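A.B. asks: First the structure, then my questions, so here it is.
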Amino acid sequence: MKRAVIYARYSTDLQTDKSVEDQISLCRDFAGRIGAVITNLYYDKAKSGASMFGRPGLAELMVAAEQNDFDILITESTDRVSRDIADLAHVHKVLKFRNIQLQCVNGGLMDTVQIGMYGIVGQMQREEGARKVKRGMMGVVRSGRNAGGKAYGYQPIAGKPGELGIVEEEASVIHRVFDLYAAGVSPRSIAGILNRDQIPAPRGRQWNASTINGNGQRGNGILRNPIYAGRIVWNRVHMVKDPSTGRRVSRTNDEADLETVDAPHLRIIPQDLFDAVQLRKDDASKMGSKTPRSKRILSGLLRCGACEGGMTLVGADRNGRRIQCSTHRESSTCSNSRRYYLNRIEALVLSRLRSQFADTSIIEAYVSAYQDEQKRIRSSALRDRAGAARLLEEAKKEITEIVRMLSKGLIEEDEATELLGPLRQQRDKQQILLESIEEPTNVIELQPKAVRRFRENIENLSAILAQGEEEPPPELLGPFRQLVAAVVVYPTENGQVYEIGIKGYLSSLIDTDLSVIKMVAEEGFEPPTQGL
């Protein structure tokens, strides 16, 4: 008697578990008609068939297929497996390679021709469904109602789907934001004012400049949203799925695809004030686009020591460019308000690194400590792997024995199912444990050539910065970023010396490809006190 598994799926939260139960019941009856014994059930609840990603039931099924745990896959129809042509063809190809049949209650044994035909039909139905949903939403918008989402300042009206009402408390905040910006106050300062007044933010814990600024193409943000001027603009973006990850990605639509409807009942801001704000926003965007940006050696690496946020350029004076905590600038929620000269930070970082590489004993001490820890981990890993492998093999043997007894009629199907459940859990648990325990690695060794190379690069970078060059050449910038992961700038009072910490990678200096090996240098590359 051939071993069979069942796969069931339903698409949305609007459906219920009953859909899966009904599918499984149909598949059980079908298995009886073709003389197959059910050995396992796989299902996904409220999961779209447009992609194989994010469907743990299907993923487990494919793993079982790779291990030849069954001979037949039974499902209600091919669109339960996938509504994408390529994904359905891939599943069928894998099953066919493993000599596993794909049997559908509505269609029987699937061959290549049927897979192609049903795949096209399933994808066409999915795409047509999406078009119908879009047409329905367009009708909602054209009637002056909201097609989805809720902007700050509004709330749904109970009993009237799609209709919004103005929240007066939030509307007064929106008025305040527009008035302040029109008066010349920057979005960062506005965010700081709202945070200091403890006004609840639309989302998250605090107001940020990005909440107020928004995005011009997407029409979001307080200052950009046309709904505050009494206009609903819909279909600004569309969603597409990345075939390599299964994630939905938003893309902006062309102007011709936008649907704009007047909604005077939703107006919060007078038209003249809204237009004045948009004019200032456009002028600010044009000014910002003319500002050239250079790639400094610490670009993207600077962190605030008070809040762990990033550091951003805030202008320059005769002594050079200055940086400041971006969280403080965006929302005034970080206490570190000091501005630091970037050239001094760069010089301090290079000086610190130069002193560390002058004597490799510090790095050698780190490697020695790491080696001791790795020996302990390696010994423990060997024991854990051996135990997991033994238990996994025992579970597989017992599963095979129960299936053999079932095929010979020595036990009933219900009895087999009851016995197989705990064994499969044990098997899967040990398999996951075995995969999670990495193979023991060899002892790492310090690479003197790498140390010399990095020391030379640091000296060259120092010389380039001393000559006033802001953008170092890529052949020096690349190796530097292999070593330095982040530079932490700690809060100090004005006039006090700068305090920094360097977070870096040791992987380029040792004989291993473990890029996760990290070290932290405050006054030096201190050896770790415990395992990484």
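Identifiers in this document derive from the order of the structure tokens: chains are assigned A, B, ..., residues are numbered from 1 separately in each chain, and ligands are numbered from 1 in order of occurrence.
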Determine, counting only C-alpha atoms, which protein, DNA and RNA residues have an atom within 12 Å of an atom of A:Thr112; residues of the same chain fewer than 2 positions away are not included. Present the result as a PyMOL selection string.

C.D. replies: chain A and resi 85+88-93+95-96+101-102+109-110+114-119

A.B. asks: Would you mind writing down, as an MDAnalysis selection string, each residue of stretch 53-220 of chain A that DSSP on the backbone assigns to alpha helix (DSSP H)?

C.D. replies: chainID A and resid 56:66 78:81 85:97 112:142 168:182 187:196 209:213

A.B. asks: Please identify all polymer residues within 12 Å of stretch 53-66 of chain A, counting only C-alpha atoms, omitting same-chain residues fewer than 4 positions from it, and present them as a PyMOL selection string.

C.D. replies: chain A and resi 3-11+39-49+70-75+80-82+84+87-88+90-102+241-248+424+427-428+431-432

A.B. asks: Which residues come within 9 Å of A:Glu398, counting only C-alpha atoms, excluding same-chain residues fewer than 4 positions away, as a PyMOL selection string?

C.D. replies: chain A and resi 393-394+402-403+420+423

A.B. asks: Just checking: using only C-alpha atoms, which residue out of A:Asn343, A:Thr78, A:Thr333, A:Thr417 ends up closest to A:Gln206?

C.D. replies: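 Once distances to A:Gln206 are computed over only C-alpha atoms, the minimum belongs to A:Thr333.
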
A.B. asks: Smallest atom-to-atom distance to A:Ala171: which of A:Arg267, A:Lys503, A:Arg224, A:Arg338, using only C-alpha atoms?

C.D. replies: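 Checking each of A:Arg267, A:Lys503, A:Arg224, A:Arg338 against A:Ala171, counting only C-alpha atoms, the winner is A:Arg267.
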
A.B. asks: Take atom CA of A:Thr312 and atom CA of A:Val488 and report the distance between them in Å, one decimal.

C.D. replies: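 Between these atoms lies a distance of 12.9 Å.
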
A.B. asks: Using the chain letters and numbers from this document, which residues of stretch 160-219 of chain A does DSSP assign to strand (DSSP E or B), as a PDB file with N, CA, C and O atoms, in the first residue's frame?

C.D. replies:
ATOM      1  N   LEU A 164     -15.214  58.628   6.629  1.00  0.00           N
ATOM      2  CA  LEU A 164     -14.338  59.113   7.685  1.00  0.00           C
ATOM      3  C   LEU A 164     -14.910  60.371   8.312  1.00  0.00           C
ATOM      4  O   LEU A 164     -15.608  61.153   7.653  1.00  0.00           O
ATOM      5  N   GLY A 165     -14.578  60.563   9.579  1.00  0.00           N
ATOM      6  CA  GLY A 165     -14.918  61.794  10.271  1.00  0.00           C
ATOM      7  C   GLY A 165     -13.670  62.441  10.827  1.00  0.00           C
ATOM      8  O   GLY A 165     -12.672  61.771  11.099  1.00  0.00           O
ATOM      9  N   ILE A 166     -13.702  63.755  11.006  1.00  0.00           N
ATOM     10  CA  ILE A 166     -12.536  64.492  11.491  1.00  0.00           C
ATOM     11  C   ILE A 166     -12.448  64.386  13.022  1.00  0.00           C
ATOM     12  O   ILE A 166     -13.440  64.562  13.720  1.00  0.00           O
ATOM     13  N   ASN A 215       6.757  61.791   2.019  1.00  0.00           N
ATOM     14  CA  ASN A 215       7.368  61.533   0.717  1.00  0.00           C
ATOM     15  C   ASN A 215       6.498  62.158  -0.364  1.00  0.00           C
ATOM     16  O   ASN A 215       5.288  61.897  -0.424  1.00  0.00           O
TER      17      ASN A 215
END

A.B. asks: In Å, with one decimal, what is the gap from atom CA of A:Glu170 to atom CA of A:Val185?

C.D. replies: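 One can read the atom CA of A:Glu170 to atom CA of A:Val185 distance as 19.6 Å.
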